[in-house]
Amino acid sequence: MRDDILFGTVEGDYDLLINAGDFVIGPSDIQHVRHIIEAEQGNYKQHPLIGVGVRKMLGGCLGQLEKRKIRLQLKSDQYQPSELQVNEKGIVVKL
């Protein structure tokens with residue numbers, strides 16, 4: 001389990017969480033997974049190959065190829081999801 005500075009938990013909310021004038025630090029695995037799935041390749045200059053780019057897939061078919069891409073991207077950051085579901089409602093990742 002990794003700890004990091006936390007961002008908002010609402011969909012699309014990337015404001016830093018602040019409590020008593022300081023950053024909130026806590027378990028950040030789900031946050032990291034969310035960022036990997038949403039990021040485009042090239043968004044992270046230190047690791048230009050990280051990112052699934054799920055926003056480009058909206059309105060399209062999310063099949064086995066996309067599921068494989070998500071799994072490989074998570075594996076490259078040392079995440080081994082116990083469950084990965086891709087369906088019309090969204091993406092479910094259980095670590």
# chains A, B, ... in the order shown; residues from 1 in each chain; ligands from 1
>>> residues_around(residues="stretch 32-49 of chain A", least_positions_apart="2", cutoff="9 Å", atoms="only C-alpha atoms", output="VMD selection string")
chain A and resid 28 to 30 51 to 56 70 73 to 74 77 79 93
>>> residues_around(residues="A:Arg71", least_positions_apart="3", cutoff="8 Å", atoms="only C-alpha atoms", output="PDB file with C-alpha atoms, in the first residue's frame")
ATOM      1  CA  LYS A  67      -8.884  -4.555 -20.829  1.00  0.00           C
ATOM      2  CA  ARG A  68      -5.446  -5.987 -21.667  1.00  0.00           C
ATOM      3  CA  LEU A  74      -1.199  -1.236 -14.076  1.00  0.00           C
ATOM      4  CA  LYS A  75       1.371  -4.028 -14.065  1.00  0.00           C
ATOM      5  CA  GLN A  80      -1.711  -6.665  -9.761  1.00  0.00           C
ATOM      6  CA  PRO A  81      -5.495  -6.253  -9.888  1.00  0.00           C
ATOM      7  CA  LEU A  84     -10.744  -6.058 -13.630  1.00  0.00           C
TER       8      LEU A  84
END
>>> select_by_dssp(residues="chain A", states="strand (DSSP E or B)", output="ChimeraX atom specification")
/A:3-5,7,16,18-19,22-23,25-27,83-87,90-94
>>> closest_residue(among="A:Glu88, A:Asp22, A:Glu66, A:Glu83", to="A:Leu6", atoms="only C-alpha atoms")
A:Asp22
>>> residues_around(residues="A:Ile18", least_positions_apart="3", cutoff="12 Å", atoms="only C-alpha atoms", output="number ranges by chain")
A: 5-8, 15, 21-26
>>> closest_residue(among="A:Pro27, A:Asn87, A:Cys61, A:Leu17", to="A:Asp4", atoms="only C-alpha atoms")
A:Pro27
